[in-house]
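Visitor: This is the structure, below, for whatever I ask next.
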Amino acid sequence: MGKSFVTILLTIVVFALAASCSGKDTDAASAAVGYYEALIDSDYVAYTDGMAGKAQLPSEYREQFVKLTEFFVAKMDKEHGGLCGVELKKSIENDGGDMANVFLELSFRDSTKEEVLVPMVLSDGQWLMK
């Protein structure tokens with residue numbers, strides 16, 4: 001019975017450590033994936049809202065960022081038939097827990113793939129693209 005108890009206790013400790021180490025990191029990765037999924041769904045406002053510093057922008061500038069996002073997607077459509085998938089490859093959080101580098105693999109309709117780095121910053125409890 002002693003060995004079973006120790007085994008269960010060690011299992012619980014390992015899972016607790018794994019969960020504590022991946023908490024914010026997973027949030028940054030999920031946010032980055034979500035912003036690129038917004039591009040796939042043509043939700044340019046959601047993608048733009050995921051940019052750091054947007055709160056300080058006048059509404060005219062924010063609208064220009066939305067338009068630039070539309071042009072960016074149109075370029076991907078022209079060059080690769082459009083973005084059709086996004087997959088998390090890796091996420092690395094800094095020691096302070098307020099910045100992360102998220103590596104995504106973008107899939108296009110012409111079957112090409114591209115790996116991109118999305119720098120993320122934690123701002124007021126929300127992960128945003130830097």
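Residues are named by chain letter and number: chains run A, B, ... in the order of the structure tokens, numbers start at 1 in each chain, and ligands are numbered from 1 in the order shown.
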Set the distance at 12 Å and use only C-alpha atoms: which residues neighbour stretch 60-73 of chain A once local chain neighbours fewer than 2 positions away are removed? I'd like the list as a PyMOL selection string.
Guide: chain A and resi 35-36+38-58+75-84+108
Visitor: What is the distance between atom CA of A:Met99 and atom CA of A:Val116, in Å to one decimal?
Guide: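 Straight-line distance from atom CA of A:Met99 to atom CA of A:Val116 works out to 16.5 Å.
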Visitor: Could you give me, as a list in words, the residues within 10 Å of A:Asp27, counting only C-alpha atoms and dropping anything in the same chain fewer than 6 positions from it?
Guide: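 These residues fall inside the cut-off: Val33, Ser91, Ala100, Leu122, Gln126 and Trp127 of chain A.
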Visitor: Between A:Ala74, A:Leu128, A:Leu117, A:Glu105, which one has atoms that come closest to A:Lys89, using only C-alpha atoms?
Guide: A:Glu105
Visitor: Closest to A:Glu114 among A:Ala31, A:Leu88, A:Glu93, A:Glu37, using only C-alpha atoms?
Guide: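 Closest to A:Glu114, using only C-alpha atoms: A:Leu88.
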Visitor: Quick one: distance from atom CA of A:Ser111 to atom CA of A:Ala29 in Å, one decimal?
Guide: 23.4 Å
Visitor: In Å to one decimal, how far is atom CA of A:Met120 from atom CA of A:Ala28?
Guide: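 One can read the atom CA of A:Ala28 to atom CA of A:Met120 distance as 6.6 Å.
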